[in-house]
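Notes follow the structure.
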Protein chains: 2
Amino acid sequence: MANYQKLTPRAEDYSKWYNELVVKADLAEQSAVRGCMVIKPYGYAIWETIQSELDRRFKEKGVQNAYFPLLIPKSFLSREAEHVEGFAKECAVVTHHRLKNDPNGKGVVVDPDARLDEELIIRPTSETIIWSTYKNWISSYRDLPILCNQWCNVMRWEMRTRLFLRTAEFLWQEGHTAHATKEEAEDYARTMLDVYADFAENIMAIPVVKGVKSPNERFAGALNTYCIEAMMQDGKALQAGTSHFLGQNFAKSFDVQFLSKENKYEYVWATSWGVSTRLMGALIMTHSDDNGLVLPPHLAPIQVVIVPIFKKEEDLQKLMEKLSPLAASLKARGIRVKVDTSDKSTPGYKFADYELKGIPVRLAMGGRDLENGTIEIARRDTLSKETISMEGIEEKIVALLEEIQKNCYTKAMAYRTANTRECNSYEEFKEEIKKGGFLLCHWDGTAETEERIKEETKATIRCIPLDALPGFKQEEGKCMVTSKPSKGRVVFAIAY
Amino acid sequence: MANYQKLTPRAEDYSKWYNELVVKADLAEQSAVRGCMVIKPYGYAIWETIQSELDRRFKEKGVQNAYFPLLIPKSFLSREAEHVEGFAKECAVVTHHRLKNDPNGKGVVVDPDARLDEELIIRPTSETIIWSTYKNWISSYRDLPILCNQWCNVMRWEMRTRLFLRTAEFLWQEGHTAHATKEEAEDYARTMLDVYADFAENIMAIPVVKGVKSPNERFAGALNTYCIEAMMQDGKALQAGTSHFLGQNFAKSFDVQFLSKENKYEYVWATSWGVSTRLMGALIMTHSDDNGLVLPPHLAPIQVVIVPIFKKEEDLQKLMEKLSPLAASLKARGIRVKVDTSDKSTPGYKFADYELKGIPVRLAMGGRDLENGTIEIARRDTLSKETISMEGIEEKIVALLEEIQKNCYTKAMAYRTANTRECNSYEEFKEEIKKGGFLLCHWDGTAETEERIKEETKATIRCIPLDALPGFKQEEGKCMVTSKPSKGRVVFAIAY
């Protein structure tokens, strides 16, 4: 049973609020294994909606799902030089393949005779094992493009973990495509960025800035990393998805060539792109409030909950004569409905629980409503409620769900805009960055300047935006630190 | 590109036929990691159909999906004594969490300073980690039942592997339920067995025998293992799914108690149940023929393929004036259709490829068909084809798909029945078992007799059937080996 001591308010301790919300709303919890989480049924149901919405969009772009091995031979990681620098270090290493009964007592021990010839790494990402596979799939331009995705678990041995935001094991999808030309690969990386942005904005109701990473922040092994960046309620940035143009790096490392239409052998061009259970963190920190989770209706596993208010079984039966047909007719309209007739807890407890879990619309009907032909309707995003006539209620709910969806986005966008500002001097920047938000600044394009800013302020370049942010314009200028020329403002922020 | 050298015929070498089919039909292949397979897009698309059909059935029974950690602390495995005997030995052991650059040269080596305090095991199954989690979820009868499932990867270090049938890593679902009473848990284990049998028979078109395992063949830690057993075309048995009644074993090992309605602390009752990518092996070996895969329509990612026969672009355009509306109207009926307008390969090559891939219905239209208002329709299960009028073609195809589905099942059932026989003496048994198939025999119920039979003939008790097999009856008798009393015939076979 959830505990209805209130959440720590965001204003008091944002980080504590987040940790409490994740656990109390039954989204996830720490497991017995350091840094690995258990995703609880309610949290997983949201992840399933994320999966199905993304999967449909991928398939519309020609992507097919496949599955590649969990384990990667250690030697594969060192094939692509930059990749190993970026990834190989903190990871789970399998060295043995057998346990045996402890000869000195109870339990089991690792069997020293079962040492592997070559250690295996639990995938931190799958470029290497996939490109070693693509080598066998590709011989001619006729075999291209290959557009594969996999939904799977990956592992990176993080030292400090937080539920959803940074865990040793996490779930994600990773797409890996192979193309005959540079242009096609670059286009595809951009196409998938657009898919992510569309999904983030229309399903998750999270406004995102589409951009390119600075060379410092690129994926290890990529020529270009595109990303979508979101702003959380505490003014920090969260990278919500990335799409990499990998050039021919992995094709060269794994010797993947194809015979072109012109009958020449050429290296294959690659992209990879992924989003993870980190999106759950973005979801929580974009919309939720001190009462708990707020879910945009397009993502909510339960969009409408119906609570009859009753004391006696016969009262419940009378209420259900009205509520059962209502539930059925909402379901027939494709709405995800739950009717809660349980007598295990009080209506007040139920209301608090559904608020904590972020159900967008709550309907409640008691004896007086039954007499009056009315019902109480409460919306989670604004916490407002009113008693309305049952007449035409279905249409009102359909419209209300769309209104809530739109409101979640509008509110998040207003917050982002209010916390995005231009900043023209480094002195000003150092003060402004303490307040959080996105700072749009001129930068000279060098790694040195970027690193100096990071060291001195902890702020990083989240991205070089592809388009001007609404309300701002792109323009040339001079770097706020070095006064060297800058082609346009980039987005600085403190990031998760 | 697939290679159209024919498959080795089944009669010549069944095992070779299977291995070739899996690879040539683009279902799966060996990876660079010993014993781990790559599931290719076409194979994975079939797995996705399996997943969505099962997942829907699970949810109808109240099951919710969740996700538990990939890694299990070594000490957890020894908590349940029988469980560790059955499972802990051949598994992937994570001992370190970091690599570092090789100080003596190129590449990376395991960092000896990053040894874990306690080794972690890649889950071979998740009872232990899940019951350690349930301990925190359960305090009162109000928290029960818990009905969780996860779709995930698991790993068992198999020495001899075969694609889909036995691989070190495989994909599966594992359901884990917690109940307040013994009766409810046993019922639930039986309910899930029925779900599996319904799915196997109605979607996969695989007839199965529902039964109980003998104590020898039980899951490690279970009080009772229910199973569905199928017969492959070579007469061998394949276990297609299991559902375990675990009693209070795991609750006791992880100290999971609840306060009952009567205000007493009691241990929780458990079930677990799973099916895996092994089902892909069952699918192939039940229906396929020397030309390749045969897919029952309910499971086929593509149910109907439409191939226009053309030489010039303008011919294709004319054909598509008829075929595009046909494809659209089939899709509107919920049929999964592919139209193949590619000019990369000849019609003959395409026909062979779609046969190899088991597409249930193939439509082909050429110039003469266009003039005559006809189309060629070929069914994969019987390899028959005819030219029919386009009039009312949609209804014919809808009916044909159902007919093929039924035929796949009927054919498999006829094969099973023809290869199932009663056997009353052990001498006869030793000869008969060499011919393969299911032998229905009396057995005295002892592990000794079972083991003797296994040693001398390699045959095992596949199950004690819950119901008499069609065409046979249940009756008491005497053990074929010891002449001791037997309550009923059990199913013996050589198994995969």
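How things are named: the first chain in the structure tokens is A, the next is B, and so on; residues count from 1 in each chain; ligands count from 1 in the order shown.
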
Task: Selection: 8 Å around Gly107 in chain B, only C-alpha atoms, excl. self and same-chain fewer than 2 positions, as an NGL selection string - done: (:A and (75 or 78)) or (:B and (101-102 or 105 or 109))

Residues as selected, C-alpha atoms, written as a short mmCIF file (atom, residue, chain, number, x, y, z; two decimals), in the first residue's frame, can you do that?
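Written out: selection.cif:
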data_model
loop_
_atom_site.label_atom_id
_atom_site.label_comp_id
_atom_site.auth_asym_id
_atom_site.auth_seq_id
_atom_site.Cartn_x
_atom_site.Cartn_y
_atom_site.Cartn_z
CA SER A 75 38.48 -7.38 -28.41
CA SER A 78 39.03 -1.86 -29.12
CA ASN B 101 44.07 0.19 -21.57
CA ASP B 102 46.55 -2.66 -21.80
CA GLY B 105 50.31 -2.87 -25.80
CA VAL B 109 42.39 -5.68 -20.33
#

Task: Tyr188 in chain A environment, 12 Å, only C-alpha atoms, sequence neighbours closer than 2 positions dropped, as a ChimeraX atom specification - done: /A:58,61-63,145-147,175-186,190-195,226,243-247,269-273

Write the selection just made, keeping N, CA and C atoms, as a short mmCIF file (atom, residue, chain, number, x, y, z; two decimals), in the first residue's frame?
data_model
loop_
_atom_site.label_atom_id
_atom_site.label_comp_id
_atom_site.auth_asym_id
_atom_site.auth_seq_id
_atom_site.Cartn_x
_atom_site.Cartn_y
_atom_site.Cartn_z
N PHE A 58 8.86 4.04 -35.96
CA PHE A 58 10.04 3.44 -36.60
C PHE A 58 9.61 2.64 -37.82
N LYS A 61 8.97 4.27 -40.93
CA LYS A 61 10.18 4.70 -41.64
C LYS A 61 10.95 3.51 -42.20
N GLY A 62 10.33 2.34 -42.22
CA GLY A 62 10.96 1.18 -42.85
C GLY A 62 11.83 0.35 -41.92
N VAL A 63 11.84 0.67 -40.65
CA VAL A 63 12.72 -0.04 -39.71
C VAL A 63 12.13 -1.41 -39.36
N PRO A 145 19.50 -0.14 -48.21
CA PRO A 145 19.94 0.05 -46.83
C PRO A 145 19.48 -1.09 -45.94
N ILE A 146 20.14 -1.24 -44.80
CA ILE A 146 19.66 -2.10 -43.71
C ILE A 146 19.19 -1.16 -42.60
N LEU A 147 17.96 -1.35 -42.17
CA LEU A 147 17.38 -0.47 -41.16
C LEU A 147 16.88 -1.33 -40.00
N GLY A 175 18.76 1.83 -32.75
CA GLY A 175 18.63 1.60 -34.18
C GLY A 175 20.01 1.68 -34.82
N HIS A 176 20.25 0.80 -35.79
CA HIS A 176 21.56 0.76 -36.46
C HIS A 176 21.30 0.60 -37.95
N THR A 177 21.64 1.63 -38.73
CA THR A 177 21.34 1.54 -40.16
C THR A 177 22.62 1.58 -40.98
N ALA A 178 22.54 0.96 -42.16
CA ALA A 178 23.67 0.87 -43.07
C ALA A 178 23.23 1.38 -44.43
N HIS A 179 24.01 2.27 -45.02
CA HIS A 179 23.61 2.94 -46.26
C HIS A 179 24.74 2.94 -47.29
N ALA A 180 24.33 3.12 -48.57
CA ALA A 180 25.32 3.14 -49.65
C ALA A 180 25.99 4.50 -49.79
N THR A 181 25.31 5.56 -49.37
CA THR A 181 25.92 6.88 -49.55
C THR A 181 25.91 7.69 -48.26
N LYS A 182 26.84 8.62 -48.22
CA LYS A 182 26.95 9.53 -47.09
C LYS A 182 25.67 10.33 -46.91
N GLU A 183 25.13 10.83 -48.03
CA GLU A 183 23.95 11.70 -47.97
C GLU A 183 22.77 10.94 -47.37
N GLU A 184 22.59 9.69 -47.87
CA GLU A 184 21.46 8.91 -47.37
C GLU A 184 21.59 8.66 -45.87
N ALA A 185 22.80 8.36 -45.41
CA ALA A 185 23.01 8.10 -43.98
C ALA A 185 22.74 9.36 -43.16
N GLU A 186 23.27 10.49 -43.62
CA GLU A 186 23.05 11.73 -42.87
C GLU A 186 21.57 12.07 -42.83
N ARG A 190 19.01 12.39 -39.49
CA ARG A 190 18.12 13.54 -39.28
C ARG A 190 16.66 13.12 -39.21
N THR A 191 16.29 12.16 -40.07
CA THR A 191 14.91 11.66 -40.06
C THR A 191 14.56 11.10 -38.69
N MET A 192 15.48 10.33 -38.10
CA MET A 192 15.19 9.72 -36.80
C MET A 192 15.15 10.78 -35.71
N LEU A 193 15.96 11.82 -35.85
CA LEU A 193 15.87 12.92 -34.89
C LEU A 193 14.47 13.53 -34.94
N ASP A 194 13.95 13.69 -36.15
CA ASP A 194 12.59 14.24 -36.30
C ASP A 194 11.54 13.31 -35.69
N VAL A 195 11.75 12.00 -35.85
CA VAL A 195 10.82 11.03 -35.23
C VAL A 195 10.83 11.22 -33.71
N TYR A 226 23.26 14.20 -33.41
CA TYR A 226 22.08 15.05 -33.29
C TYR A 226 21.37 14.69 -31.99
N SER A 243 20.76 10.83 -32.10
CA SER A 243 20.84 10.16 -33.40
C SER A 243 22.19 10.49 -34.00
N HIS A 244 22.98 9.45 -34.25
CA HIS A 244 24.37 9.66 -34.65
C HIS A 244 24.60 9.35 -36.12
N PHE A 245 25.32 10.24 -36.79
CA PHE A 245 25.85 9.93 -38.11
C PHE A 245 27.26 9.41 -37.87
N LEU A 246 27.47 8.11 -38.16
CA LEU A 246 28.73 7.46 -37.78
C LEU A 246 29.75 7.43 -38.91
N GLY A 247 29.39 8.01 -40.05
CA GLY A 247 30.32 7.99 -41.18
C GLY A 247 30.65 6.55 -41.56
N TRP A 269 28.10 3.34 -45.07
CA TRP A 269 27.84 4.50 -44.20
C TRP A 269 26.82 4.12 -43.13
N ALA A 270 27.00 4.66 -41.94
CA ALA A 270 26.20 4.17 -40.80
C ALA A 270 25.53 5.28 -39.99
N THR A 271 24.43 4.91 -39.36
CA THR A 271 23.83 5.74 -38.31
C THR A 271 23.50 4.85 -37.12
N SER A 272 23.37 5.46 -35.94
CA SER A 272 22.73 4.77 -34.83
C SER A 272 21.97 5.81 -34.02
N TRP A 273 20.93 5.36 -33.33
CA TRP A 273 20.04 6.30 -32.63
C TRP A 273 19.31 5.57 -31.53
#

Dump as a PDB file with N, CA and C atoms, in the first residue's frame the residues of chain B that approach chain A to within 7 Å, counting only C-alpha atoms.
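What landed in out-v2.pdb:
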ATOM      1  N   VAL B  33      29.677 -14.523 -30.783  1.00  0.00           N
ATOM      2  CA  VAL B  33      29.796 -14.973 -29.396  1.00  0.00           C
ATOM      3  C   VAL B  33      29.274 -16.403 -29.297  1.00  0.00           C
ATOM      4  N   CYS B  36      25.562 -17.807 -28.747  1.00  0.00           N
ATOM      5  CA  CYS B  36      24.556 -16.732 -28.785  1.00  0.00           C
ATOM      6  C   CYS B  36      24.146 -16.475 -30.231  1.00  0.00           C
ATOM      7  N   MET B  37      22.839 -16.332 -30.458  1.00  0.00           N
ATOM      8  CA  MET B  37      22.376 -16.157 -31.831  1.00  0.00           C
ATOM      9  C   MET B  37      22.009 -14.701 -32.112  1.00  0.00           C
ATOM     10  N   VAL B  38      22.014 -14.376 -33.406  1.00  0.00           N
ATOM     11  CA  VAL B  38      21.399 -13.141 -33.881  1.00  0.00           C
ATOM     12  C   VAL B  38      20.029 -13.537 -34.423  1.00  0.00           C
ATOM     13  N   ILE B  39      18.975 -12.908 -33.924  1.00  0.00           N
ATOM     14  CA  ILE B  39      17.651 -13.152 -34.497  1.00  0.00           C
ATOM     15  C   ILE B  39      17.446 -12.097 -35.577  1.00  0.00           C
ATOM     16  N   LYS B  40      17.347 -12.550 -36.825  1.00  0.00           N
ATOM     17  CA  LYS B  40      17.273 -11.626 -37.960  1.00  0.00           C
ATOM     18  C   LYS B  40      15.872 -11.016 -38.068  1.00  0.00           C
ATOM     19  N   PRO B  41      15.739  -9.925 -38.816  1.00  0.00           N
ATOM     20  CA  PRO B  41      14.444  -9.233 -38.842  1.00  0.00           C
ATOM     21  C   PRO B  41      13.246 -10.133 -39.157  1.00  0.00           C
ATOM     22  N   TYR B  44      12.588 -12.273 -36.196  1.00  0.00           N
ATOM     23  CA  TYR B  44      12.125 -11.462 -35.079  1.00  0.00           C
ATOM     24  C   TYR B  44      10.673 -11.014 -35.281  1.00  0.00           C
ATOM     25  N   GLN B  64       0.346  -8.133 -15.279  1.00  0.00           N
ATOM     26  CA  GLN B  64       0.978  -6.865 -15.622  1.00  0.00           C
ATOM     27  C   GLN B  64       2.449  -7.119 -15.911  1.00  0.00           C
ATOM     28  N   ASN B  65       3.000  -6.416 -16.879  1.00  0.00           N
ATOM     29  CA  ASN B  65       4.426  -6.562 -17.152  1.00  0.00           C
ATOM     30  C   ASN B  65       5.247  -5.669 -16.221  1.00  0.00           C
ATOM     31  N   ALA B  66       6.457  -6.105 -15.955  1.00  0.00           N
ATOM     32  CA  ALA B  66       7.386  -5.347 -15.120  1.00  0.00           C
ATOM     33  C   ALA B  66       8.788  -5.701 -15.607  1.00  0.00           C
ATOM     34  N   TYR B  67       9.809  -5.137 -14.930  1.00  0.00           N
ATOM     35  CA  TYR B  67      11.164  -5.489 -15.319  1.00  0.00           C
ATOM     36  C   TYR B  67      12.063  -5.589 -14.090  1.00  0.00           C
ATOM     37  N   PHE B  68      12.756  -6.709 -14.003  1.00  0.00           N
ATOM     38  CA  PHE B  68      13.646  -6.995 -12.877  1.00  0.00           C
ATOM     39  C   PHE B  68      15.083  -7.092 -13.394  1.00  0.00           C
ATOM     40  N   PRO B  69      16.083  -6.910 -12.502  1.00  0.00           N
ATOM     41  CA  PRO B  69      17.476  -6.822 -12.954  1.00  0.00           C
ATOM     42  C   PRO B  69      17.989  -8.062 -13.698  1.00  0.00           C
ATOM     43  N   ILE B  72      22.062 -11.173 -10.945  1.00  0.00           N
ATOM     44  CA  ILE B  72      21.603 -11.731  -9.675  1.00  0.00           C
ATOM     45  C   ILE B  72      22.809 -11.977  -8.784  1.00  0.00           C
ATOM     46  N   PRO B  73      22.772 -11.502  -7.523  1.00  0.00           N
ATOM     47  CA  PRO B  73      23.903 -11.772  -6.619  1.00  0.00           C
ATOM     48  C   PRO B  73      24.085 -13.287  -6.463  1.00  0.00           C
ATOM     49  N   SER B  75      24.944 -15.134  -4.116  1.00  0.00           N
ATOM     50  CA  SER B  75      24.403 -15.748  -2.891  1.00  0.00           C
ATOM     51  C   SER B  75      22.901 -16.048  -3.006  1.00  0.00           C
ATOM     52  N   SER B  78      21.924 -19.683  -4.001  1.00  0.00           N
ATOM     53  CA  SER B  78      22.011 -20.804  -3.051  1.00  0.00           C
ATOM     54  C   SER B  78      20.922 -20.754  -1.980  1.00  0.00           C
ATOM     55  N   ALA B  88      22.309 -23.279 -10.924  1.00  0.00           N
ATOM     56  CA  ALA B  88      23.385 -22.313 -10.717  1.00  0.00           C
ATOM     57  C   ALA B  88      24.652 -22.640 -11.467  1.00  0.00           C
ATOM     58  N   LYS B  89      24.801 -23.838 -11.970  1.00  0.00           N
ATOM     59  CA  LYS B  89      26.119 -24.255 -12.355  1.00  0.00           C
ATOM     60  C   LYS B  89      26.673 -23.648 -13.646  1.00  0.00           C
ATOM     61  N   GLU B  90      25.982 -23.846 -14.746  1.00  0.00           N
ATOM     62  CA  GLU B  90      26.523 -23.368 -16.012  1.00  0.00           C
ATOM     63  C   GLU B  90      25.912 -22.013 -16.318  1.00  0.00           C
ATOM     64  N   CYS B  91      26.604 -20.961 -15.952  1.00  0.00           N
ATOM     65  CA  CYS B  91      26.028 -19.637 -16.142  1.00  0.00           C
ATOM     66  C   CYS B  91      27.139 -18.611 -16.321  1.00  0.00           C
ATOM     67  N   ALA B  92      26.766 -17.445 -16.825  1.00  0.00           N
ATOM     68  CA  ALA B  92      27.759 -16.395 -17.075  1.00  0.00           C
ATOM     69  C   ALA B  92      27.969 -15.605 -15.796  1.00  0.00           C
ATOM     70  N   VAL B  93      29.244 -15.509 -15.375  1.00  0.00           N
ATOM     71  CA  VAL B  93      29.571 -14.880 -14.095  1.00  0.00           C
ATOM     72  C   VAL B  93      30.298 -13.561 -14.328  1.00  0.00           C
ATOM     73  N   VAL B  94      29.726 -12.489 -13.789  1.00  0.00           N
ATOM     74  CA  VAL B  94      30.367 -11.170 -13.865  1.00  0.00           C
ATOM     75  C   VAL B  94      31.227 -11.006 -12.621  1.00  0.00           C
ATOM     76  N   THR B  95      32.519 -10.782 -12.829  1.00  0.00           N
ATOM     77  CA  THR B  95      33.441 -10.685 -11.689  1.00  0.00           C
ATOM     78  C   THR B  95      34.067  -9.296 -11.555  1.00  0.00           C
ATOM     79  N   HIS B  96      34.059  -8.503 -12.636  1.00  0.00           N
ATOM     80  CA  HIS B  96      34.733  -7.200 -12.630  1.00  0.00           C
ATOM     81  C   HIS B  96      33.830  -6.140 -13.261  1.00  0.00           C
ATOM     82  N   HIS B  97      34.125  -4.869 -12.932  1.00  0.00           N
ATOM     83  CA  HIS B  97      33.282  -3.812 -13.497  1.00  0.00           C
ATOM     84  C   HIS B  97      34.069  -2.761 -14.272  1.00  0.00           C
ATOM     85  N   ARG B  98      35.272  -3.090 -14.649  1.00  0.00           N
ATOM     86  CA  ARG B  98      36.029  -2.102 -15.410  1.00  0.00           C
ATOM     87  C   ARG B  98      37.095  -2.741 -16.294  1.00  0.00           C
ATOM     88  N   LEU B  99      37.321  -2.122 -17.453  1.00  0.00           N
ATOM     89  CA  LEU B  99      38.463  -2.462 -18.296  1.00  0.00           C
ATOM     90  C   LEU B  99      39.434  -1.296 -18.234  1.00  0.00           C
ATOM     91  N   LYS B 100      40.669  -1.555 -18.645  1.00  0.00           N
ATOM     92  CA  LYS B 100      41.609  -0.430 -18.777  1.00  0.00           C
ATOM     93  C   LYS B 100      42.514  -0.688 -19.973  1.00  0.00           C
ATOM     94  N   GLY B 107      44.823  -2.456 -27.219  1.00  0.00           N
ATOM     95  CA  GLY B 107      43.601  -3.053 -26.711  1.00  0.00           C
ATOM     96  C   GLY B 107      43.371  -2.794 -25.237  1.00  0.00           C
ATOM     97  N   VAL B 108      42.425  -3.555 -24.680  1.00  0.00           N
ATOM     98  CA  VAL B 108      42.031  -3.340 -23.288  1.00  0.00           C
ATOM     99  C   VAL B 108      42.130  -4.646 -22.505  1.00  0.00           C
ATOM    100  N   TRP B 157      24.678 -21.376 -19.782  1.00  0.00           N
ATOM    101  CA  TRP B 157      25.885 -21.674 -20.561  1.00  0.00           C
ATOM    102  C   TRP B 157      25.835 -23.079 -21.148  1.00  0.00           C
TER     103      TRP B 157
END

With only C-alpha atoms counted and 12 Å as the cut-off, give the residues of range 353-464 of chain A in contact with range 290-298 of chain A, each with its shortest interatomic distance in Å and the pair that gives it, as a tab-separated table.
residue	atom	partner	partner_atom	distance
A:Asp353	CA	A:Gly292	CA	8.9
A:Tyr354	CA	A:Gly292	CA	9.1
A:Glu355	CA	A:Gly292	CA	6.3
A:Leu356	CA	A:Gly292	CA	4.1
A:Lys357	CA	A:Leu293	CA	5.3
A:Gly358	CA	A:Val294	CA	4.2
A:Ile359	CA	A:Leu295	CA	6.4
A:Pro360	CA	A:Pro297	CA	6.0
A:Val361	CA	A:Pro297	CA	8.6
A:Arg379	CA	A:Val294	CA	10.0
A:Arg380	CA	A:Val294	CA	6.5
A:Asp381	CA	A:Val294	CA	6.2
A:Thr382	CA	A:Val294	CA	9.7
A:Leu383	CA	A:Asn291	CA	9.5
A:Ile397	CA	A:Pro297	CA	11.2
A:Val398	CA	A:Pro297	CA	10.3
A:Ala399	CA	A:Pro297	CA	11.2
A:Leu400	CA	A:Pro297	CA	9.6
A:Leu401	CA	A:Pro297	CA	6.0
A:Glu402	CA	A:Pro297	CA	7.4
A:Glu403	CA	A:Pro297	CA	9.3
A:Ile404	CA	A:Pro296	CA	6.9
A:Gln405	CA	A:Pro296	CA	5.1
A:Lys406	CA	A:Pro296	CA	8.4
A:Asn407	CA	A:Pro296	CA	8.8
A:Cys408	CA	A:Pro296	CA	6.3
A:Tyr409	CA	A:Pro296	CA	8.4
A:Thr410	CA	A:Pro296	CA	11.5
A:Lys411	CA	A:Pro296	CA	11.6
A:Ala412	CA	A:Pro296	CA	11.3

Open item on the list: I want to know what sits within 12 Å of Leu363 in chain B, based on only C-alpha atoms, with residues of the same chain fewer than 5 positions away left out; could you give that as an MDAnalysis selection string?
Closed with: chainID B and resid 303:309 323 326:327 337:340 347 350:351 354 369 374:380 385:390 393:394 397

Those selected residues, please, written with C-alpha atoms and delivered as a PDB file, in the first residue's frame.
ATOM      1  CA  GLN B 303      -0.021 -13.405 -44.748  1.00  0.00           C
ATOM      2  CA  VAL B 304      -0.433 -12.582 -48.422  1.00  0.00           C
ATOM      3  CA  VAL B 305       2.245 -11.522 -50.883  1.00  0.00           C
ATOM      4  CA  ILE B 306       1.216  -9.998 -54.208  1.00  0.00           C
ATOM      5  CA  VAL B 307       3.687 -10.265 -57.094  1.00  0.00           C
ATOM      6  CA  PRO B 308       3.023  -8.381 -60.339  1.00  0.00           C
ATOM      7  CA  ILE B 309       4.765 -10.057 -63.320  1.00  0.00           C
ATOM      8  CA  LEU B 323      -3.369  -4.741 -57.483  1.00  0.00           C
ATOM      9  CA  LEU B 326      -6.764  -5.273 -53.944  1.00  0.00           C
ATOM     10  CA  ALA B 327      -3.948  -4.782 -51.432  1.00  0.00           C
ATOM     11  CA  VAL B 337      -0.157  -7.866 -47.094  1.00  0.00           C
ATOM     12  CA  LYS B 338       3.045  -7.182 -48.954  1.00  0.00           C
ATOM     13  CA  VAL B 339       3.159  -6.031 -52.583  1.00  0.00           C
ATOM     14  CA  ASP B 340       6.493  -6.803 -54.201  1.00  0.00           C
ATOM     15  CA  PRO B 347       9.470 -13.646 -60.499  1.00  0.00           C
ATOM     16  CA  LYS B 350      10.711 -14.206 -55.745  1.00  0.00           C
ATOM     17  CA  PHE B 351       8.391 -17.236 -55.737  1.00  0.00           C
ATOM     18  CA  TYR B 354       8.441 -16.485 -50.521  1.00  0.00           C
ATOM     19  CA  ASP B 369      -4.387 -12.222 -66.193  1.00  0.00           C
ATOM     20  CA  THR B 374      -7.901 -13.358 -63.367  1.00  0.00           C
ATOM     21  CA  ILE B 375      -5.101 -13.861 -60.857  1.00  0.00           C
ATOM     22  CA  GLU B 376      -2.929 -16.812 -59.867  1.00  0.00           C
ATOM     23  CA  ILE B 377      -3.321 -17.870 -56.272  1.00  0.00           C
ATOM     24  CA  ALA B 378      -0.862 -20.275 -54.628  1.00  0.00           C
ATOM     25  CA  ARG B 379      -1.086 -21.701 -51.133  1.00  0.00           C
ATOM     26  CA  ARG B 380       2.097 -22.502 -49.265  1.00  0.00           C
ATOM     27  CA  LYS B 385      -1.966 -23.134 -57.305  1.00  0.00           C
ATOM     28  CA  GLU B 386      -4.782 -22.132 -59.596  1.00  0.00           C
ATOM     29  CA  THR B 387      -5.895 -19.235 -61.722  1.00  0.00           C
ATOM     30  CA  ILE B 388      -9.133 -17.724 -60.496  1.00  0.00           C
ATOM     31  CA  SER B 389     -11.379 -14.802 -61.304  1.00  0.00           C
ATOM     32  CA  MET B 390     -10.677 -11.525 -59.535  1.00  0.00           C
ATOM     33  CA  ILE B 393     -11.243 -12.475 -54.446  1.00  0.00           C
ATOM     34  CA  GLU B 394     -11.102 -10.793 -51.008  1.00  0.00           C
ATOM     35  CA  ILE B 397      -8.577 -15.053 -49.489  1.00  0.00           C
TER      36      ILE B 397
END

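Remark: for Ser126 in chain B, the closest of the candidate residues B:Asp113, B:Glu428, B:Glu314, B:Glu174 is B:Glu174 (distances computed over only C-alpha atoms).
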
TODO: Skip Leu279 in chain B itself and residues of its chain fewer than 5 positions away, then list as a ChimeraX atom specification all residues within 10 Å of it, counting only C-alpha atoms.
DONE: /B:47,50,164-165,172,200,204,238-241,284-285

With C-alpha atoms kept, could you save the residues just selected as a JSON list (two decimals), in the first residue's frame?
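Final file, part.json:
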[["chain", "number", "residue", "atom", "x", "y", "z"],
["B", 47, "TRP", "CA", 8.66, -13.59, -32.49],
["B", 50, "ILE", "CA", 4.16, -14.59, -30.75],
["B", 164, "PHE", "CA", 16.42, -21.43, -31.31],
["B", 165, "LEU", "CA", 16.39, -24.90, -29.73],
["B", 172, "TRP", "CA", 11.52, -15.49, -23.20],
["B", 200, "ALA", "CA", -0.01, -23.16, -29.31],
["B", 204, "MET", "CA", 0.87, -21.69, -33.86],
["B", 238, "LEU", "CA", 9.66, -30.77, -27.80],
["B", 239, "GLN", "CA", 8.57, -29.11, -24.56],
["B", 240, "ALA", "CA", 6.82, -25.97, -25.74],
["B", 241, "GLY", "CA", 5.99, -24.31, -22.43],
["B", 284, "ILE", "CA", 9.69, -24.76, -37.87],
["B", 285, "MET", "CA", 9.80, -28.47, -37.07]]

- [ ] Apply DSSP to the backbone of this structure and, from range 21-211 of chain A, keep only the residues in alpha helix (DSSP H); write these as a PyMOL selection string.
- [x] chain A and resi 21-24+41-60+74-77+81-87+127-137+182-202

Open item on the list: Between A:Gln173, A:Thr167, A:Asn224, A:Thr49, which residue has the minimum interatomic distance to Ala189 in chain A, considering only C-alpha atoms?
Closed with: A:Asn224
